[in-house]
There are 6 protein chains.
Amino acid sequence: MELWQLREIVLKALQEDLPFGDKTTEFLIPQNLFGRAYFLAKSDLVICGEPIVELVFHEIDPSVKITWLYSEGAEVPKKSKIGFAEGRVSSLLKAERVALNFLQHLSGIATTVRRLIKFLPEKPLLLDTRKTLPGLKILQKYAVRIGGAKNHRFSLSDGILIKDNHLKALGGLEKVLDKLKNLPHYLKVEIEVKNLSELEIILKSEAQVDIVMLDNFSLEDLKKAISLIRSQKPNLKIEISGGITEENLKDYIQFDVDFISSGALTHSVKASDISFKIEEIWEE
Amino acid sequence: MELWQLREIVLKALQEDLPFGDKTTEFLIPQNLFGRAYFLAKSDLVICGEPIVELVFHEIDPSVKITWLYSEGAEVPKKSKIGFAEGRVSSLLKAERVALNFLQHLSGIATTVRRLIKFLPEKPLLLDTRKTLPGLKILQKYAVRIGGAKNHRFSLSDGILIKDNHLKALGGLEKVLDKLKNLPHYLKVEIEVKNLSELEIILKSEAQVDIVMLDNFSLEDLKKAISLIRSQKPNLKIEISGGITEENLKDYIQFDVDFISSGALTHSVKASDISFKIEEIWEE
Amino acid sequence: MELWQLREIVLKALQEDLPFGDKTTEFLIPQNLFGRAYFLAKSDLVICGEPIVELVFHEIDPSVKITWLYSEGAEVPKKSKIGFAEGRVSSLLKAERVALNFLQHLSGIATTVRRLIKFLPEKPLLLDTRKTLPGLKILQKYAVRIGGAKNHRFSLSDGILIKDNHLKALGGLEKVLDKLKNLPHYLKVEIEVKNLSELEIILKSEAQVDIVMLDNFSLEDLKKAISLIRSQKPNLKIEISGGITEENLKDYIQFDVDFISSGALTHSVKASDISFKIEEIWEE
Amino acid sequence: MELWQLREIVLKALQEDLPFGDKTTEFLIPQNLFGRAYFLAKSDLVICGEPIVELVFHEIDPSVKITWLYSEGAEVPKKSKIGFAEGRVSSLLKAERVALNFLQHLSGIATTVRRLIKFLPEKPLLLDTRKTLPGLKILQKYAVRIGGAKNHRFSLSDGILIKDNHLKALGGLEKVLDKLKNLPHYLKVEIEVKNLSELEIILKSEAQVDIVMLDNFSLEDLKKAISLIRSQKPNLKIEISGGITEENLKDYIQFDVDFISSGALTHSVKASDISFKIEEIWEE
Amino acid sequence: MELWQLREIVLKALQEDLPFGDKTTEFLIPQNLFGRAYFLAKSDLVICGEPIVELVFHEIDPSVKITWLYSEGAEVPKKSKIGFAEGRVSSLLKAERVALNFLQHLSGIATTVRRLIKFLPEKPLLLDTRKTLPGLKILQKYAVRIGGAKNHRFSLSDGILIKDNHLKALGGLEKVLDKLKNLPHYLKVEIEVKNLSELEIILKSEAQVDIVMLDNFSLEDLKKAISLIRSQKPNLKIEISGGITEENLKDYIQFDVDFISSGALTHSVKASDISFKIEEIWEE
Amino acid sequence: MELWQLREIVLKALQEDLPFGDKTTEFLIPQNLFGRAYFLAKSDLVICGEPIVELVFHEIDPSVKITWLYSEGAEVPKKSKIGFAEGRVSSLLKAERVALNFLQHLSGIATTVRRLIKFLPEKPLLLDTRKTLPGLKILQKYAVRIGGAKNHRFSLSDGILIKDNHLKALGGLEKVLDKLKNLPHYLKVEIEVKNLSELEIILKSEAQVDIVMLDNFSLEDLKKAISLIRSQKPNLKIEISGGITEENLKDYIQFDVDFISSGALTHSVKASDISFKIEEIWEE
């Protein structure tokens with residue numbers, strides 16, 4: 001996550017929330033009032049988004065001081081103070097909601113990811129997907145890493161993944177396999193298969209496929225598929241996806257696969273519950 | 001929702017997902033291949049985001065034709081086709097994920113909102129909050145309206161809402177009430193109270209307060225509060241918020257309040273399950 | 001006025017005035033030449049725009065030092081030095097015109113506003129309108145506040161104001177009044193009326209109208225209108241507008257109205273006369 | 001004036017005026033209501049800004065039709081209809097104020113310029129200056145041309161103009177004249193002088209000066225200066241500036257000068273009085 | 001190359017070349033003058049950039065018609081007309097230089113690439129690098145493809161390439177090889193080696209390296225290196241780079257390598273010689 | 001070259017090269033690793049681009065320290081260290097390629113220009129043209145000045161240059177000469193002529209032409225042309241252009257002309273060979 005990239009999204013978020021200033025604060029809060037506020041974890045969470053919170057406050061007022069009691073990625077118990085913002089009260093109030101909107105969303109991702117990977121042995125690796133929220137991809141994928149999972153490709157430009165629509169468009173898997181050698185030489189080739197017969201076409205083919213994605217396989221078929229792959233193409237990496245939830249994750253960890261990917265990590269995020277409380281006030 | 005405002009977020013989303021093109025599609029799919037694909041509802045949902053989906057496809061390729069079987073805001077049963085995109089296959093594939101990311105998120109919001117408002121009589125109105133995802137506020141608040149709820153203020157510039165941190169900063173509710181007459185004359189004044197004694201200060205005050213927000217009140221206190229307000233200040237509107245979930249919503253609809261607001265409508269969105277399937281292919 | 005919002009307009013203004021640098025200065029003025037210049041009030045004025053002047057100089061050269069003899073909003077007598085800019089002479093010369101263009105325009109607004117409000121008792125409040133110059137709204141409305149008047153709504157998003165074209169579109173005032181309950185709950189409702197009979201419709205209606213704007217009323221009708229309103233709807237606020245000029249303002253201050261609004265405050269601004277004079281030069 | 005340059009300022013103006021839509025119109029005006037409105041000249045004026053008005057309406061709604069009864073630059077008598085906008089009423093209402101803000105400002109410039117040049121024989125030419133409003137330079141200078149005057153340089157990059165601060169910085173006019181040969185070869189050289197003795201230095205110098213600006217000369221000195229220049233350097237063009245107003249313009253037109261420049265043309269604009277009236281309504 | 005991405009660079013280029021319009025054309029060319037002009041190849045070339053030329057003309061004037069006699073990527077003999085632009089003469093003249101600047105640069109790249117790949121058998125593939133001109137990467141890499149070569153990674157985000165500075169930072173190749181398993185799973189791993197001993201470390205290692213880049217090897221060492229690789233790690237792809245020029249390219253094509261990469265394709269481009277000539281004029 | 005203008009091109013270049021970070025560096029290089037690297041001249045060169053290199057590093061990491069052994073514009077012998085970058089190794093590696101892409105291109109221009117002007121006596125001045133690379137005009141023209149040549153006009157807005165297409169459009173040189181008096185008064189007039197008969201029309205005309213460009217004249221015709229001009233219009237400046245290369249430049253310096261212009265200075269740039277080498281590493 002590069003800070004020079006984040007200024008644009010921060011300014012956009014501020015523009016959205018203060019197009020003509022903060023009417024409540026401007027009319028009520030005197031400029032000579034200073035204070036200290038804290039971020040409070042209202043549930044157990046993995047904190048994520050500290051650098052962007054700092055950017056939010058500093059765009060509004062470079063003199064606000066931010067200090068953290070828990071560092072980025074730390075597990076914060078419910079009811080803990082996470083960190084402090086100290087400075088002009090009007091600046092604290094203007095930044096509060098935008099800062100929390102970032103912090104709650106990113107911590108929500110990191111918290112879910114951390115909980116999931118605790119179920120997982122070293123392998124399989126948990127992966128995200130391209131099912132990200134428009135404009136927030138870089139931040140969401142950062143939160144996935146902070147949570148402890150790995151990123152799948154970021155975009156259509158940095159990974160080859162051949163899916164059902166490609167197969168449909170080209171008239172089936174065999175025809176796709178014939179065309180693989182044209183692909184960019186620095187990217188690995190991953191193909192999504194829907195069933196055992198598609199898998200068998202790949203296993204028989206001499207085309208260079210690096211990763212196979214077993215999509216929406218039943219547990220029974222999954223077992224067969226893994227056994228076929230490990231015996232016939234031991235270098236072929238296995239990703240599973242589709243319908244894997246926090247509830248049934250335990251059904252899958254028995255399998256010898258390399259990657260489990262989940263769109264829900266980024267497309268259906270439950271925000272962490274964090275609030276921002278002024279605790280002390282003084283005049284300067 | 002103004003279309004001239006959305007081009008920026010659409011271009012940003014495309015730039016995020018195709019900074020250097022779609023490597024898989026460019027190398028596999030011939031330019032003379034055309035096709036028709038449909039959007040498929042994989043669960044019951046309220047469809048939302050059709051205009052932005054059109055914008056996504058048309059930025060990539062103005063010749064793609066989009067037709068809808070269900071209009072914006074309609075309730076779509078699981079397994080229904082929602083609409084079609086027809087045109088160059090490479091254009092369909094490049095736009096697919098970005099279009100779905102918008103459509104699944106916005107339909108997710110609209111679907112939840114619609115489900116909630118079916119529990120509610122004409123009053124109270126269900127409201128959203130400023131707990132929106134950075135950069136997506138206009139779209140999220142649009143989806144709330146499509147779902148059938150009402151928008152609370154959009155930003156700090158278009159509504160006065162005095163909250164706990166303002167009270168803390170100014171030394172308590174009495175001091176705040178003294179300063180109310182300076183506020184912009186075209187905005188109503190809403191104050192958040194945390195308990196019955198704060199409420200009583202407002203009820204006794206002559207200051208002009210238009211709406212009171214009862215935040216995190218117990219059911220018992222809520223009952224007392226409403227009774228006090230209705231008898232003493234019948235023109236004061238009542239908003240309740242805090243801890244109201246889909247599960248306990250039924251506990252609240254018994255009360256004579258004007259508004260129920262919920263941050264979760266926009267901060268913790270469960271995406272609708274929608275997929276995009278090519279169903280026919282031809283060469284031109 | 002938020003500084004993070006102003007950088008864009010400052011950079012745009014610099015880009016307009018120095019797309020390829022300052023040819024005169026670059027070719028004539030050596031880089032080792034330093035100096036101090038002052039801003040000179042060539043007429044009595046209320047100074048406004050100091051923070052944006054600082055931004056202009058600092059974008060061009062962060063090492064320029066700006067000091068002010070009169071603070072923002074002060075009344076500066078003709079022939080007074082207002083403040084100083086000290087630093088590399090080439091930087092001073094590059095920034096001079098853009099800085100003055102902002103300062104003269106904003107001081108022009110603040111000066112006129114200050115002069116007008118001196119005629120006015122505590123009530124009515126003088127208000128601006130949405131008749132602002134494209135791209136300069138935030139700055140112009142800031143200058144209105146510095147001058148001492150109040151802002152009316154900033155945009156079509158943060159206030160309800162029903163005007164003659166709405167009435168024409170909906171088939172008259174009665175039909176409009178029937179639809180008022182749908183409006184956003186956090187905004188007050190203002191309606192413009194053109195004559196006494198329209199006013200009477202409002203006075204008889206039970207619809208919730210918070211403010212009435214008496215537009216272009218004769219002095220005689222105004223007197224009647226105010227008397228009707230104050231006796232029949234004492235809580236209804238009164239705004240008058242249309243044809244009120246500096247010259248005839250005294251005719252209006254006799255009336256018991258709440259607000260006087262004037263588009264000319266921002267649409268027809270007479271710039272303050274300010275110049276920028278180098279007073280001392282040295283080499284470093 | 002290039003249309004591809006204007007979209008940015010139009011979008012900025014719309015964003016300023018409708019950050020979250022037009023609340024009044026959205027809640028009151030049904031989408032199936034169509035109508036025709038006209039622009040009405042409420043005073044005699046020179047109409048200017050038609051292309052940008054079209055852009056404003058078309059960004060909001062490409063289906064609105066604009067027709068003009070008076071073409072750009074025409075003299076429109078008071079009470080005349082200038083043109084029509086026809087289409088969805090909600091689109092007309094959203095665009096109204098932004099369109100008028102452009103049209104009234106630019107027509108204000110063109111109207112004043114036209115009035116002034118009617119006093120002037122073919123020579124001197126009336127010129128604008130760089131005293132333009134930030135962000136509006138291209139439009140303001142366009143309105144000056146529509147009015148019938150000429151543009152002086154647009155920016156510090158496209159003209160050499162040596163002013164009092166350059167002289168002060170370099171230690172006097174003689175030292176400046178020594179450095180002139182370094183200037184960009186494609187630009188003419190203009191020097192501002194404050195009095196007859198500075199003028200004499202130029203007249204005696206062999207340095208290549210193309211234009212001399214006589215700034216704030218008394219009528220008497222002006223007469224002497226012109227006589228000296230015409231007899232000694234007949235190729236030297238003469239510009240006069242400073243303190244020339246509409247009132248005293250007649251005092252100056254007796255003189256044999258080439259250019260008269262006036263900052264007030266763009267820094268102190270009186271907006272033309274134009275309104276926008278819906279005249280017919282129908283449903284579609 | 002996505003057209004929605006190119007509008008920004010086209011508008012930037014127009015803004016650079018016409019910040020305040022085309023003074024020569026505006027003042028000399030009447031608006032009713034229409035004409036047809038052709039693009040003329042003044043040397044043998046591979047034409048590249050037609051879509052962006054169309055974009056340039058259409059931003060300035062959507063009514064200009066462009067037709068091509070040679071399609072994108074065709075080999076155009078010296079003195080041939082390449083295509084036509086027909087429309088308002090002032091529009092043709094405003095667009096001319098910006099259009100040619102794109103066309104000459106991109107055709108220059110495509111022409112050089114085409115000439116080089118004619119020397120090369122099917123293998124090795126000629127590759128570009130990240131040594132591109134700032135802001136022009138997408139266009140330059142597109143021209144490389146039009147010329148007939150392949151793109152290496154576009155950015156630091158879409159390929160793993162471990163170079164001398166990484167080795168220096170980590171204390172040598174062995175230490176790097178130990179850390180390879182952490183790399184993103186969808187990207188192949190390429191390592192640059194400077195000499196045979198570094199190569200031998202890779203050949204002995206069990207780390208997964210997909211491509212080795214032999215950088216600046218002498219012809220003699222190259223021969224040895226290839227022989228070692230092909231016998232010991234037949235699946236390891238070989239890229240050579242460094243000091244390979246058009247002159248000595250023939251020395252290298254004898255070798256059994258997979259890729260030859262050349263920074264000069266994009267960092268040292270000789271523009272193709274193309275001019276734009278009006279051939280017919282009429283009034284409309 | 002104004003630094004506030006360059007941030008946009010630097011951020012664009014970084015965005016192009018690190019849309020989702022530097023995968024190689026992020027996964028291999030620990031954050032506690034610091035180091036010092038130097039820029040190495042691999043050929044004799046004139047260094048140009050130091051301020052923009054600093055901007056590149058500081059956008060990525062404000063704590064990187066840059067020091068220069070040769071100042072901007074200095075002649076650096078092959079194998080010399082030019083300067084140092086010291087700081088976090090991951091920051092150095094992320095910035096390396098973008099910084100070099102700027103530095104090599106701009107030094108390439110400055111080096112060629114410096115070599116050419118060493119052939120030239122004080123007159124003629126070497127000039128660049130508008131044949132610049134899109135988006136890089138300000139930087140390229142800066143490098144021309146650092147090299148020691150002069151800039152011709154930057155854009156179509158800041159110079160009058162009448163070329164063959166204007167003549168064709170207007171029906172010949174005579175017709176053009178008739179229209180010259182309308183041109184902006186602050187710009188000189190240059191006309192391009194293709195042969196002696198066109199030149200003679202200018203020499204006979206009374207129209208005010210300041211500079212004549214002799215385009216693609218043979219040496220013989222050039223001699224005649226210069227003699228005619230100097231004898232008949234001694235104040236007319238002479239520019240020659242077309243087909244002048246480094247090789248035949250010596251043929252031209254015998255002539256008494258004022259300017260030689262060359263498009264190749266900016267349209268066909270050979271990058272300077274500069275590399276970036278880490279020389280020391282430590283942990284912090």
# chains A, B, ... in the order shown; residues from 1 in each chain; ligands from 1
>>> interface_residues(of="chain C", to="chain B", cutoff="8 Å", atoms="only C-alpha atoms", output="list in words")
Lys150, Asn151, His152, Arg153, Ser157, Asp158, Gly159, Ile160, Pro184, His185, Tyr186, Leu187, Lys188 and Val189 of chain C
>>> residues_around(residues="stretch 269-284 of chain C", least_positions_apart="6", cutoff="7 Å", atoms="only C-alpha atoms", output="ChimeraX atom specification")
/C:32-43,45,96,104-105,107-109 /D:165,168-169,267-270
>>> select_by_dssp(residues="stretch 51-156 of chain C", states="alpha helix (DSSP H)", output="PyMOL selection string")
chain C and resi 51-60+89-117+137-147
>>> select_by_dssp(residues="stretch 97-199 of chain A", states="strand (DSSP E)", output="VMD selection string")
chain A and resid 125 to 127 160 to 162 189 to 193
>>> write_last_selection(atoms="C-alpha atoms", output="mmCIF file, in the first residue's frame")
data_model
loop_
_atom_site.group_PDB
_atom_site.id
_atom_site.type_symbol
_atom_site.label_atom_id
_atom_site.label_comp_id
_atom_site.auth_asym_id
_atom_site.auth_seq_id
_atom_site.Cartn_x
_atom_site.Cartn_y
_atom_site.Cartn_z
ATOM 1 C CA LEU A 125 -3.278 -20.496 1.828
ATOM 2 C CA LEU A 126 -6.378 -18.352 2.061
ATOM 3 C CA LEU A 127 -6.731 -16.018 -0.964
ATOM 4 C CA ILE A 160 -4.146 -15.353 -16.284
ATOM 5 C CA LEU A 161 -7.308 -16.999 -15.097
ATOM 6 C CA ILE A 162 -9.430 -18.837 -17.629
ATOM 7 C CA VAL A 189 -1.815 -20.008 -16.194
ATOM 8 C CA GLU A 190 -4.774 -20.919 -14.027
ATOM 9 C CA ILE A 191 -7.915 -22.635 -15.298
ATOM 10 C CA GLU A 192 -11.227 -22.970 -13.542
ATOM 11 C CA VAL A 193 -12.987 -26.323 -13.919
#
>>> residues_around(residues="stretch 51-56 of chain E", least_positions_apart="2", cutoff="7 Å", atoms="only C-alpha atoms", output="ChimeraX atom specification")
/E:10,49,58-60,66,95,99,103
>>> residues_around(residues="E:Ile146", least_positions_apart="5", cutoff="7 Å", atoms="only C-alpha atoms", output="ChimeraX atom specification")
/E:48,73,110
>>> write_last_selection(atoms="C-alpha atoms", output="PDB file, in the first residue's frame")
ATOM      1  CA  CYS E  48       0.912   2.855 -35.620  1.00  0.00           C
ATOM      2  CA  GLY E  73       0.338  -2.062 -38.357  1.00  0.00           C
ATOM      3  CA  ALA E 110       6.588  -0.099 -34.581  1.00  0.00           C
TER       4      ALA E 110
END
>>> atom_distance(atom1="atom CA of B:Val46", atom2="atom CA of B:Glu2")
20.8 Å
>>> atom_distance(atom1="atom CA of C:Thr129", atom2="atom CA of A:Thr25")
22.2 Å
>>> atom_distance(atom1="atom CA of B:Gly148", atom2="atom CA of B:Pro77")
17.9 Å
>>> residues_around(residues="E:Ile229", least_positions_apart="5", cutoff="10 Å", atoms="only C-alpha atoms", output="VMD selection string")
chain E and resid 199 to 200 202 to 203 212 224 234 to 238
>>> residues_around(residues="F:Pro124", least_positions_apart="3", cutoff="9 Å", atoms="only C-alpha atoms", output="list in words")
Leu120, Pro121, Glu239, Ile253, Phe255, Asp256, Val257, Asp258, Phe259 and Ile260 of chain F
